[in-house]
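Structure file model_18.txt (compact mmCIF, C-alpha atoms) is printed below.
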# COMPACT_ATOMS: atom_id res chain seq x y z
CA MET A 1210 -42.44 -25.13 5.50
CA ASP A 1211 -42.11 -21.40 6.08
CA ARG A 1212 -40.30 -22.06 9.33
CA GLU A 1213 -37.88 -24.33 7.51
CA TRP A 1214 -37.07 -21.68 4.91
CA ASP A 1215 -36.64 -19.09 7.60
CA LEU A 1216 -34.05 -21.38 9.19
CA ILE A 1217 -32.27 -22.11 5.91
CA LEU A 1218 -31.92 -18.46 5.01
CA THR A 1219 -30.88 -17.59 8.58
CA SER A 1220 -28.09 -20.18 8.42
CA ALA A 1221 -26.95 -19.05 4.98
CA MET A 1222 -26.89 -15.41 6.07
CA ASP A 1223 -25.02 -16.20 9.28
CA ILE A 1224 -22.37 -18.09 7.33
CA GLY A 1225 -22.12 -15.20 4.87
CA LYS A 1226 -21.79 -12.65 7.67
CA ALA A 1227 -19.07 -14.69 9.37
CA MET A 1228 -17.20 -14.91 6.05
CA LEU A 1229 -17.34 -11.17 5.57
CA GLU A 1230 -16.11 -10.66 9.13
CA SER A 1231 -13.13 -12.98 8.55
CA GLY A 1232 -11.91 -11.10 5.48
CA GLY A 1233 -13.77 -12.92 2.69
CA GLU A 1234 -14.55 -11.11 -0.57
CA VAL A 1235 -18.15 -9.95 -1.13
CA HIS A 1236 -18.23 -11.99 -4.30
CA ARG A 1237 -17.62 -15.13 -2.26
CA VAL A 1238 -20.25 -14.17 0.31
CA GLU A 1239 -22.92 -13.56 -2.32
CA ASP A 1240 -22.00 -16.77 -4.10
CA THR A 1241 -22.15 -18.83 -0.88
CA ILE A 1242 -25.59 -17.59 0.17
CA HIS A 1243 -26.91 -18.07 -3.34
CA ARG A 1244 -25.57 -21.61 -3.58
CA ILE A 1245 -26.98 -22.67 -0.22
CA CYS A 1246 -30.46 -21.36 -1.10
CA ILE A 1247 -30.42 -23.10 -4.47
CA ALA A 1248 -29.11 -26.33 -2.92
CA TYR A 1249 -32.26 -26.55 -0.77
CA GLY A 1250 -34.48 -26.09 -3.78
CA ALA A 1251 -35.11 -22.34 -3.92
CA THR A 1252 -36.31 -21.28 -7.37
CA GLY A 1253 -34.25 -18.12 -7.09
CA ALA A 1254 -32.08 -16.17 -4.69
CA GLU A 1255 -31.22 -12.50 -4.98
CA VAL A 1256 -28.21 -11.67 -2.84
CA PHE A 1257 -26.45 -8.35 -2.51
CA SER A 1258 -23.55 -7.55 -0.25
CA ILE A 1259 -21.18 -4.70 0.47
CA VAL A 1260 -18.56 -4.60 3.24
CA SER A 1261 -21.06 -3.53 5.88
CA LEU A 1262 -24.37 -5.08 4.76
CA ILE A 1263 -25.79 -8.28 3.30
CA THR A 1264 -29.36 -8.60 2.06
CA ALA A 1265 -30.93 -11.66 0.47
CA THR A 1266 -34.33 -12.81 -0.77
CA ALA A 1267 -34.97 -16.46 -1.55
CA SER A 1268 -37.96 -17.66 -3.57
CA THR A 1269 -39.16 -20.93 -2.06
CA PRO A 1270 -40.62 -23.77 -4.16
CA GLN A 1271 -44.02 -22.92 -2.62
CA GLY A 1272 -43.86 -19.50 -4.23
CA ILE A 1273 -43.21 -17.60 -1.04
CA HIS A 1274 -40.39 -15.05 -0.71
CA VAL A 1275 -38.20 -15.07 2.36
CA SER A 1276 -36.00 -12.06 2.98
CA GLN A 1277 -33.33 -11.17 5.53
CA SER A 1278 -30.50 -8.74 6.02
CA ARG A 1279 -27.35 -8.59 8.16
CA ARG A 1280 -25.34 -5.61 9.27
CA VAL A 1281 -21.55 -6.17 9.49
CA TYR A 1282 -19.64 -3.80 11.74
CA ALA A 1283 -16.02 -4.85 11.52
CA SER A 1284 -13.83 -7.31 9.71
CA SER A 1285 -10.33 -8.63 10.17
CA ASN A 1286 -8.25 -11.24 8.41
CA ASN A 1287 -8.92 -14.69 9.83
CA MET A 1288 -7.93 -17.11 7.09
CA ASP A 1289 -8.48 -20.21 9.20
CA ARG A 1290 -12.10 -19.31 9.91
CA LEU A 1291 -12.66 -18.31 6.29
CA GLU A 1292 -11.42 -21.67 5.09
CA ARG A 1293 -13.58 -23.58 7.59
CA LEU A 1294 -16.65 -21.55 6.61
CA ASN A 1295 -15.93 -22.27 2.98
CA ALA A 1296 -15.62 -25.98 3.69
CA LEU A 1297 -18.85 -25.88 5.74
CA SER A 1298 -20.81 -24.25 2.94
CA ARG A 1299 -19.48 -26.78 0.43
CA LYS A 1300 -20.54 -29.58 2.78
CA ILE A 1301 -24.03 -28.08 3.27
CA CYS A 1302 -24.57 -27.72 -0.47
CA ARG A 1303 -23.34 -31.25 -1.13
CA GLU A 1304 -25.12 -33.12 1.67
CA LYS A 1305 -28.17 -30.87 2.18
CA THR A 1306 -27.62 -31.03 5.93
CA PRO A 1307 -30.94 -30.78 7.82
CA PRO A 1308 -31.36 -27.01 8.45
CA HIS A 1309 -31.76 -27.36 12.21
CA GLU A 1310 -28.31 -28.94 12.45
CA ILE A 1311 -26.50 -26.05 10.75
CA PRO A 1312 -26.39 -23.60 13.72
CA ALA A 1313 -24.46 -26.13 15.80
CA LEU A 1314 -22.00 -26.75 12.96
CA LEU A 1315 -21.52 -23.01 12.49
CA ALA A 1316 -20.97 -22.51 16.22
CA GLY A 1317 -18.30 -25.20 16.05
CA VAL A 1318 -16.49 -23.31 13.29
CA LEU A 1319 -16.75 -19.98 15.11
CA SER A 1320 -15.37 -21.36 18.37
CA SER A 1321 -12.28 -23.03 16.90
CA ARG A 1322 -9.02 -21.32 17.78
CA PRO A 1323 -6.10 -22.69 15.74
CA TYR A 1324 -3.47 -20.44 17.30
CA SER A 1325 -2.97 -19.12 20.81
CA LYS A 1326 -2.42 -15.49 21.76
CA TRP A 1327 1.31 -16.21 21.84
CA CYS A 1328 1.28 -16.93 18.14
CA LYS A 1329 -0.23 -13.53 17.47
CA LEU A 1330 2.52 -11.86 19.50
CA LEU A 1331 5.19 -13.95 17.77
CA GLY A 1332 3.66 -13.03 14.41
CA ALA A 1333 3.78 -9.32 15.21
CA MET A 1334 7.42 -9.61 16.31
CA LEU A 1335 8.47 -11.52 13.20
CA ALA A 1336 6.58 -9.16 10.90
CA SER A 1337 7.91 -5.87 12.27
CA GLY A 1338 11.40 -7.22 12.99
CA GLY A 1339 11.76 -9.00 9.67
CA PHE A 1340 10.64 -6.03 7.63
CA ALA A 1341 12.83 -3.56 9.55
CA VAL A 1342 15.88 -5.55 8.40
CA PHE A 1343 14.33 -6.11 4.97
CA PHE A 1344 14.10 -2.36 4.37
CA GLY A 1345 17.76 -1.93 5.20
CA GLY A 1346 18.03 -1.91 8.99
CA THR A 1347 20.72 -3.71 10.98
CA TRP A 1348 19.97 -6.81 13.08
CA LEU A 1349 19.86 -4.61 16.18
CA ASP A 1350 17.24 -2.42 14.46
CA GLY A 1351 15.28 -5.57 13.66
CA MET A 1352 15.27 -6.72 17.27
CA MET A 1353 14.18 -3.32 18.54
CA SER A 1354 11.48 -3.11 15.89
CA ALA A 1355 10.26 -6.55 16.97
CA ALA A 1356 10.13 -5.32 20.57
CA ILE A 1357 8.10 -2.25 19.58
CA GLY A 1358 5.80 -4.41 17.42
CA LEU A 1359 5.29 -6.68 20.42
CA GLY A 1360 4.54 -3.67 22.61
CA ILE A 1361 1.83 -2.19 20.40
CA THR A 1362 0.23 -5.58 19.79
CA LEU A 1363 0.07 -6.16 23.56
CA LEU A 1364 -1.42 -2.70 23.95
CA GLY A 1365 -4.00 -3.57 21.29
CA MET A 1366 -5.06 -6.61 23.32
CA PHE A 1367 -5.71 -4.55 26.43
CA ILE A 1368 -7.36 -1.56 24.82
CA PRO A 1369 -11.11 -1.61 25.51
CA GLU A 1370 -13.29 -2.59 22.55
CA GLY A 1371 -15.34 0.03 20.79
CA ILE A 1372 -12.61 2.63 20.44
CA ASN A 1373 -12.52 4.11 16.95
CA GLN A 1374 -10.01 2.31 14.73
CA ALA A 1375 -8.53 5.56 13.40
CA VAL A 1376 -7.86 6.72 16.97
CA GLN A 1377 -6.22 3.40 17.83
CA ILE A 1378 -3.98 3.40 14.76
CA THR A 1379 -2.89 6.99 15.33
CA LEU A 1380 -2.06 6.14 18.93
CA TYR A 1381 -0.02 3.05 17.97
CA SER A 1382 1.82 4.95 15.23
CA PHE A 1383 2.63 7.84 17.54
CA LEU A 1384 3.82 5.55 20.34
CA SER A 1385 6.02 3.44 18.09
CA GLY A 1386 7.41 6.56 16.40
CA ILE A 1387 8.31 8.29 19.64
CA THR A 1388 9.79 5.07 21.12
CA SER A 1389 12.02 4.60 18.08
CA LEU A 1390 13.24 8.19 18.31
CA LEU A 1391 13.93 7.85 22.05
CA LEU A 1392 15.81 4.58 21.54
CA ALA A 1393 17.81 6.18 18.73
CA ALA A 1394 18.68 9.13 20.98
CA CYS A 1395 19.95 6.69 23.61
CA GLY A 1396 22.06 5.00 20.94
CA LEU A 1397 20.17 1.71 21.23
CA ILE A 1398 19.24 1.54 17.54
CA HIS A 1399 21.19 2.44 14.43
CA ASN A 1400 18.48 3.68 12.04
CA SER A 1401 15.27 4.96 13.62
CA ASP A 1402 13.66 5.23 10.16
CA LYS A 1403 14.06 1.48 9.45
CA VAL A 1404 12.65 0.61 12.86
CA MET A 1405 9.62 2.81 12.18
CA ILE A 1406 9.13 1.27 8.72
CA GLY A 1407 9.10 -2.17 10.37
CA THR A 1408 6.27 -1.15 12.66
CA ILE A 1409 4.46 0.70 9.84
CA MET A 1410 4.35 -2.59 7.94
CA LEU A 1411 2.34 -4.05 10.82
CA MET A 1412 -0.42 -1.51 10.39
CA ILE A 1413 -0.30 -0.48 6.73
CA PRO A 1414 -3.47 -1.47 4.82
CA GLY A 1415 -1.55 -2.76 1.79
CA VAL A 1416 -3.56 -5.94 1.59
CA ALA A 1417 -6.87 -4.07 1.86
CA PHE A 1418 -5.73 -1.72 -0.91
CA GLY A 1419 -4.92 -4.63 -3.21
CA ASN A 1420 -8.24 -6.31 -2.46
CA ALA A 1421 -10.11 -3.05 -3.09
CA LEU A 1422 -8.77 -2.67 -6.61
CA ARG A 1423 -9.39 -6.34 -7.29
CA GLU A 1424 -13.03 -6.00 -6.26
CA ILE A 1425 -13.60 -2.87 -8.32
CA LEU A 1426 -12.43 -4.62 -11.47
CA LYS A 1427 -14.46 -7.71 -10.64
CA GLY A 1428 -17.59 -5.58 -10.70
CA ASP A 1429 -18.12 -5.13 -6.95
CA THR A 1430 -17.63 -1.41 -7.36
CA ALA A 1431 -19.46 -0.29 -4.22
CA THR A 1432 -17.40 -2.53 -1.93
CA GLY A 1433 -14.19 -1.75 -3.76
CA MET A 1434 -14.68 1.99 -3.34
CA LEU A 1435 -15.53 1.61 0.35
CA ARG A 1436 -12.43 -0.48 0.99
CA LEU A 1437 -10.27 1.85 -1.10
CA ILE A 1438 -11.34 4.91 0.89
CA GLN A 1439 -10.96 2.99 4.15
CA SER A 1440 -7.39 2.02 3.31
CA VAL A 1441 -6.43 5.52 2.16
CA ILE A 1442 -7.81 6.98 5.39
CA LEU A 1443 -5.98 4.32 7.39
CA ALA A 1444 -2.70 5.12 5.62
CA THR A 1445 -3.27 8.80 6.37
CA THR A 1446 -3.86 8.14 10.08
CA ILE A 1447 -0.67 6.06 10.24
CA ALA A 1448 1.21 8.93 8.59
CA ALA A 1449 -0.41 11.38 11.01
CA GLY A 1450 0.72 9.38 14.06
CA PHE A 1451 4.31 9.10 12.87
CA ALA A 1452 4.36 12.73 11.71
CA LEU A 1453 3.29 13.83 15.19
CA ALA A 1454 6.05 11.67 16.69
CA LEU A 1455 8.64 13.17 14.32
CA VAL A 1456 7.55 16.75 15.06
CA ILE A 1457 7.49 16.27 18.84
CA GLY A 1458 10.68 14.19 18.73
CA GLY A 1459 12.37 16.90 16.66
CA MET A 1460 11.50 19.52 19.28
CA LEU A 1461 12.56 17.44 22.30
CA LEU A 1462 15.64 15.61 21.07
CA MET B 771 24.81 -14.71 -10.58
CA LYS B 772 26.68 -15.58 -7.40
CA GLU B 773 26.81 -11.91 -6.52
CA PHE B 774 23.07 -11.61 -7.06
CA LEU B 775 22.37 -14.60 -4.82
CA LEU B 776 24.53 -13.15 -2.05
CA GLN B 777 22.79 -9.81 -2.34
CA ALA B 778 19.37 -11.43 -2.43
CA MET B 779 20.10 -13.56 0.65
CA ILE B 780 19.20 -11.08 3.37
CA PRO B 781 16.08 -9.58 1.69
CA PHE B 782 14.88 -13.10 0.94
CA LEU B 783 15.37 -14.37 4.49
CA THR B 784 13.92 -11.32 6.21
CA ALA B 785 10.95 -11.07 3.84
CA THR B 786 10.22 -14.74 4.46
CA LEU B 787 10.36 -14.21 8.22
CA GLY B 788 8.15 -11.14 7.90
CA THR B 789 5.63 -13.02 5.75
CA LEU B 790 5.56 -15.83 8.29
CA GLY B 791 4.76 -13.21 10.92
CA PHE B 792 1.85 -11.89 8.87
CA ALA B 793 0.62 -15.40 8.11
CA LEU B 794 0.40 -15.95 11.88
CA LEU B 795 -1.36 -12.61 12.36
CA PHE B 796 -3.83 -13.49 9.61
CA TRP B 797 -4.43 -16.93 11.13
CA VAL B 798 -3.46 -18.89 8.04
CA PRO B 799 -4.41 -22.52 8.86
CA LYS B 800 -1.47 -24.59 10.06
CA ARG B 801 -1.55 -27.09 7.21
CA HIS B 802 -1.39 -24.27 4.66
CA LEU B 803 1.18 -22.20 6.55
CA ALA B 804 4.37 -23.38 4.83
CA PHE B 805 2.99 -23.05 1.31
CA ALA B 806 1.35 -19.69 2.01
CA VAL B 807 4.66 -18.28 3.30
CA LEU B 808 6.38 -19.71 0.22
CA GLY B 809 4.15 -17.40 -1.85
CA GLY B 810 5.68 -14.41 -0.07
CA SER B 811 9.21 -15.72 -0.59
CA MET B 812 8.47 -16.21 -4.27
CA ALA B 813 7.13 -12.67 -4.58
CA ILE B 814 10.35 -11.20 -3.25
CA LEU B 815 12.59 -13.47 -5.33
CA ALA B 816 10.58 -12.58 -8.44
CA TYR B 817 10.86 -8.91 -7.55
CA LEU B 818 14.63 -9.08 -7.11
CA GLY B 819 14.88 -11.02 -10.35
CA ALA B 820 12.75 -8.45 -12.16
CA THR B 821 15.00 -5.60 -10.98
CA LEU B 822 17.84 -7.27 -12.89
CA ILE B 823 15.89 -6.97 -16.14
CA TRP B 824 13.84 -3.78 -15.70
CA THR B 825 14.43 -0.62 -13.72
CA ASP B 826 10.83 0.58 -13.68
CA LEU B 827 9.24 0.26 -10.24
CA PHE B 828 5.74 -0.33 -11.59
CA LEU B 829 6.84 -3.04 -14.00
CA CYS B 830 8.98 -4.89 -11.43
CA ASN B 831 6.17 -4.99 -8.88
CA MET B 832 3.65 -6.04 -11.49
CA MET B 833 5.85 -8.90 -12.68
CA ALA B 834 6.62 -10.06 -9.14
CA MET B 835 2.95 -10.01 -8.22
CA MET B 836 2.02 -11.89 -11.38
CA VAL B 837 4.41 -14.69 -10.42
CA SER B 838 3.11 -15.02 -6.86
CA ALA B 839 -0.55 -14.53 -7.88
CA THR B 840 -0.22 -17.38 -10.37
CA TYR B 841 1.17 -19.51 -7.56
CA ALA B 842 -1.70 -18.46 -5.26
CA GLU B 843 -4.39 -19.26 -7.84
CA ILE B 844 -2.89 -22.67 -8.56
CA MET B 845 -2.50 -23.52 -4.86
CA ALA B 846 -6.08 -22.45 -4.12
CA ARG B 847 -7.44 -24.71 -6.86
CA VAL B 848 -5.25 -27.62 -5.78
CA THR B 849 -6.16 -27.39 -2.08
CA LYS B 850 -9.78 -26.26 -2.74
CA CYS B 851 -9.59 -23.27 -0.43
CA PRO B 852 -10.21 -19.52 -0.96
CA VAL B 853 -7.57 -17.75 -3.08
CA THR B 854 -7.31 -15.01 -0.45
CA LEU B 855 -5.59 -17.47 1.86
CA TYR B 856 -2.58 -17.74 -0.46
CA LEU B 857 -2.81 -14.34 -2.09
CA ILE B 858 -2.67 -12.18 1.04
CA PRO B 859 0.67 -13.54 2.36
CA SER B 860 2.21 -13.13 -1.10
CA ILE B 861 1.26 -9.44 -1.28
CA VAL B 862 2.92 -8.63 2.04
CA PRO B 863 6.63 -8.36 1.04
CA LEU B 864 5.79 -6.00 -1.83
CA VAL B 865 3.73 -3.56 0.25
CA PRO B 866 5.43 -0.13 0.07
CA GLY B 867 5.86 0.50 3.81
CA GLY B 868 9.15 2.28 3.23
CA GLY B 869 7.64 4.55 0.59
CA LEU B 870 4.81 5.61 2.88
CA TYR B 871 7.27 6.41 5.66
CA TYR B 872 9.64 8.49 3.53
CA THR B 873 6.77 10.38 1.86
CA MET B 874 5.51 11.37 5.29
CA PHE B 875 9.04 12.05 6.58
CA TYR B 876 9.85 14.48 3.75
CA LEU B 877 6.48 16.18 4.15
CA VAL B 878 7.16 16.82 7.83
CA ASP B 879 10.69 17.84 6.93
CA GLY B 880 9.38 20.47 4.50
CA ASN B 881 11.09 18.89 1.49
CA LYS B 882 8.19 18.98 -0.94
CA GLU B 883 10.06 17.74 -4.04
CA ALA B 884 11.40 14.66 -2.29
CA ALA B 885 7.96 13.99 -0.79
CA MET B 886 6.38 14.13 -4.24
CA ILE B 887 8.95 11.71 -5.66
CA MET B 888 8.49 9.25 -2.78
CA GLY B 889 4.71 9.58 -2.93
CA GLU B 890 4.75 8.78 -6.62
CA LYS B 891 6.95 5.74 -6.02
CA THR B 892 4.60 4.50 -3.29
CA LEU B 893 1.57 4.86 -5.55
CA LEU B 894 3.31 3.21 -8.50
CA THR B 895 4.27 0.24 -6.32
CA ALA B 896 0.71 -0.14 -5.04
CA LEU B 897 -0.64 0.11 -8.58
CA GLY B 898 1.87 -2.41 -9.89
CA ILE B 899 0.80 -4.92 -7.23
CA SER B 900 -2.89 -4.46 -8.01
CA VAL B 901 -2.46 -4.67 -11.77
CA GLY B 902 -0.40 -7.86 -11.34
CA ILE B 903 -3.12 -9.51 -9.25
CA LEU B 904 -5.79 -8.35 -11.68
CA ILE B 905 -4.12 -9.69 -14.79
CA ILE B 906 -3.76 -13.12 -13.21
CA SER B 907 -7.28 -13.17 -11.80
CA ILE B 908 -8.70 -12.20 -15.20
CA VAL B 909 -6.63 -14.91 -16.92
CA THR B 910 -7.77 -17.58 -14.43
CA GLN B 911 -11.41 -16.56 -14.78
CA PHE B 912 -11.02 -16.75 -18.53
CA ILE B 913 -9.48 -20.23 -18.35
CA TYR B 914 -12.24 -21.30 -15.96
CA ALA B 915 -14.94 -19.98 -18.28
CA LEU B 916 -13.36 -21.83 -21.21
CA LYS B 917 -13.28 -25.07 -19.21
CA LYS B 918 -16.95 -24.78 -18.34
CA ALA B 919 -18.03 -23.96 -21.88

Please rewrite the model in this file as structure tokens.
Amino acid sequence: MDREWDLILTSAMDIGKAMLESGGEVHRVEDTIHRICIAYGATGAEVFSIVSLITATASTPQGIHVSQSRRVYASSNNMDRLERLNALSRKICREKTPPHEIPALLAGVLSSRPYSKWCKLLGAMLASGGFAVFFGGTWLDGMMSAAIGLGITLLGMFIPEGINQAVQITLYSFLSGITSLLLAACGLIHNSDKVMIGTIMLMIPGVAFGNALREILKGDTATGMLRLIQSVILATTIAAGFALALVIGGMLL
Amino acid sequence: MKEFLLQAMIPFLTATLGTLGFALLFWVPKRHLAFAVLGGSMAILAYLGATLIWTDLFLCNMMAMMVSATYAEIMARVTKCPVTLYLIPSIVPLVPGGGLYYTMFYLVDGNKEAAMIMGEKTLLTALGISVGILIISIVTQFIYALKKA
């Protein structure tokens, strides 16, 4: 029986970790793990999660306590995976899937790829191009912004993993800033500021900021504060990259 | 009215395209894609509409976000999927990317007054968005609690 509970909690924690990594709220993660434990007959489940850690203790019907924790290193928005994980946890709670079958189901969810790499590139182009025009640029500005957005997204795909995110963002901001200024100097774009705003939109942590405040008011203060500080630092690094580009561009051009 | 529609045309189209781009970047599932992007389009239409009534940046963003957050909450309940999936695309067009840029630009330029004004605008926009989401999420939780009771 102990082995079974070990497996149940392992599955629940793995699902929770995957949710956190795909941009799910901590509230949802805690709720999911709790529900799964209760669905299998646990008399209680204490779950706590922040952006970088999940810990949970389930009290089994036999009166034994099973405890596990997971460390989460990075998260990004993957709505498709989040939805599948959500559907999987609903299914598990409803059908009480035999615990040894869950890892295979979870692996199935984690390996599904709804969009190809091309879609990501197309998304980056539409986002930076669309918003360059939205903020007042001409159509030419939009196309150039889309090209720069494409460039930095491609660069992001080839950059080796494990490089600090702040360093990456500063590099992207600097490169897109200096490219816009160069293109403007050659007369290839009308408003270099609108082109830069388009590419800023690609990186700006606006969504994270919104989520942070939402979580603070929901009572997940620890996570909210962490996310808030993360997004403020990210915004500062973006500003630093573009500021560097403007200073250097101002001296050269 | 006709004038407003003509003026709103380009922001509406480009914001919709931009939101579609973000929806792809955020891997919004294909069957939810169209409706998730619609949330972004609604946010910008509501924002443009709000600017006709109010001039305050905070108020306009709050109202726009309340409209699209209501949409997101309803869609999430109807399709039984996480609210985030609909909420995130609808935040995108309101994000103050321009404000952040000009704040930084004036700082580098040495124009402190202008930088302060732009910085304040950026913060007010961000606050308006968050307050809008919050009001709606509190209202939905309240309705949910009432239903259960």

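The coordinates place CA of Thr1219 in chain A at 12.9 Å from CA of Thr1241 in chain A.
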
Skipping near chain neighbours, those fewer than 2 positions away, what residues fall within 8 Å of Thr854 in chain B using only C-alpha atoms, listed as an mmCIF file with C-alpha atoms, in the frame of the given file?
data_model
loop_
_atom_site.group_PDB
_atom_site.id
_atom_site.type_symbol
_atom_site.label_atom_id
_atom_site.label_comp_id
_atom_site.auth_asym_id
_atom_site.auth_seq_id
_atom_site.Cartn_x
_atom_site.Cartn_y
_atom_site.Cartn_z
ATOM 1 C CA GLY A 1233 -13.770 -12.920 2.690
ATOM 2 C CA MET A 1288 -7.930 -17.110 7.090
ATOM 3 C CA PRO B 852 -10.210 -19.520 -0.960
ATOM 4 C CA TYR B 856 -2.580 -17.740 -0.460
ATOM 5 C CA LEU B 857 -2.810 -14.340 -2.090
ATOM 6 C CA ILE B 858 -2.670 -12.180 1.040
#

Could you build a table of the residues in chain B lying no more than 6 Å from chain A, giving for each the nearest pair of atoms and their separation in Å rounded to one decimal place, using all atoms listed in the file, ordered by chain and ascending residue number, as JSON lines?
{"residue": "B:Pro781", "atom": "CA", "partner": "A:Phe1343", "partner_atom": "CA", "distance": 5.1}
{"residue": "B:Thr784", "atom": "CA", "partner": "A:Gly1339", "partner_atom": "CA", "distance": 4.7}
{"residue": "B:Leu787", "atom": "CA", "partner": "A:Gly1339", "partner_atom": "CA", "distance": 5.6}
{"residue": "B:Gly788", "atom": "CA", "partner": "A:Ala1336", "partner_atom": "CA", "distance": 3.9}
{"residue": "B:Gly791", "atom": "CA", "partner": "A:Gly1332", "partner_atom": "CA", "distance": 3.7}
{"residue": "B:Phe792", "atom": "CA", "partner": "A:Ala1336", "partner_atom": "CA", "distance": 5.8}
{"residue": "B:Leu794", "atom": "CA", "partner": "A:Gly1332", "partner_atom": "CA", "distance": 5.1}
{"residue": "B:Leu795", "atom": "CA", "partner": "A:Lys1329", "partner_atom": "CA", "distance": 5.3}
{"residue": "B:Phe796", "atom": "CA", "partner": "A:Asn1286", "partner_atom": "CA", "distance": 5.1}
{"residue": "B:Trp797", "atom": "CA", "partner": "A:Asn1287", "partner_atom": "CA", "distance": 5.2}
{"residue": "B:Val798", "atom": "CA", "partner": "A:Met1288", "partner_atom": "CA", "distance": 4.9}
{"residue": "B:Pro799", "atom": "CA", "partner": "A:Asp1289", "partner_atom": "CA", "distance": 4.7}
{"residue": "B:Leu855", "atom": "CA", "partner": "A:Met1288", "partner_atom": "CA", "distance": 5.7}
{"residue": "B:Val865", "atom": "CA", "partner": "A:Gly1415", "partner_atom": "CA", "distance": 5.6}
{"residue": "B:Gly867", "atom": "CA", "partner": "A:Met1410", "partner_atom": "CA", "distance": 5.4}
{"residue": "B:Gly868", "atom": "CA", "partner": "A:Ile1406", "partner_atom": "CA", "distance": 5.6}
{"residue": "B:Met874", "atom": "CA", "partner": "A:Ala1448", "partner_atom": "CA", "distance": 5.9}
{"residue": "B:Ser900", "atom": "CA", "partner": "A:Gly1419", "partner_atom": "CA", "distance": 5.2}

Quiz item: In Å, how far is it from CA of Thr1432 in chain A to CA of Val1235 in chain A?
Solution: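 Between CA of Thr1432 in chain A and CA of Val1235 in chain A the gap is 7.5 Å.
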
Return as AutoDock Vina command-line options the box centre and box size in Å, one decimal, for an axis-aligned box around all listed atoms of range 843-852 of chain B padded by 3 Å per side.
--center_x -6.4 --center_y -23.4 --center_z -4.5 --size_x 13.7 --size_y 14.4 --size_z 14.1

Quiz item: Taking (-24.1, -26.1, -0.3) in the file's coordinates as the center, which residues reach within 9 Å of it, counting only C-alpha atoms, put as a VMD selection string?
Solution: chain A and resid 1241 to 1242 1244 to 1249 1297 to 1306

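The closest residue to Leu783 in chain B, picked from B:Ile887, B:Val807, B:Cys830, B:Leu870 and counting only C-alpha atoms, is B:Val807.
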
Exercise. Kindly give the distance, in Å, that separates CA of Ile1425 in chain A and CA of Ser1382 in chain A, rounded to a single decimal.
Key: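 Between CA of Ile1425 in chain A and CA of Ser1382 in chain A the gap is 29.2 Å.
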
Quiz prompt | Polymer residues at most 8 Å from Asn1400 in chain A, only C-alpha atoms, same-chain spacing of 5 or more positions, as a ChimeraX atom specification | solution = /A:1346-1347,1350,1393

Exercise. Extract, using all atoms listed in the file, all DNA, RNA and protein residues at most 8 Å from Ala842 in chain B, discarding same-chain residues fewer than 2 positions from it, and format them as a ChimeraX atom specification.
Key: /B:806,809,838-840,844-846,853,856-857,860

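Using only C-alpha atoms, the smallest distance between any of B:Tyr914, B:Trp824, B:Phe782, B:Tyr841 and Leu864 in chain B comes from B:Phe782.
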
Practice problem: Write out as a list in words each polymer residue whose atoms come within 12 Å of Thr821 in chain B, counting all atoms listed in the file; drop sequence neighbours fewer than 5 positions from it. | Solution: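 Those residues are Phe774, Ala778, Ile814, Leu815, Ala816, Asp826, Leu827, Phe828, Leu829, Cys830, Asn831, Met832, Met833 and Ala834 of chain B.
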
Quiz item: Between B:Pro859, B:Gly819, B:Pro866, B:Gly810, which has the minimum distance to Ala896 in chain B (counting all atoms listed in the file)?
Solution: B:Pro866
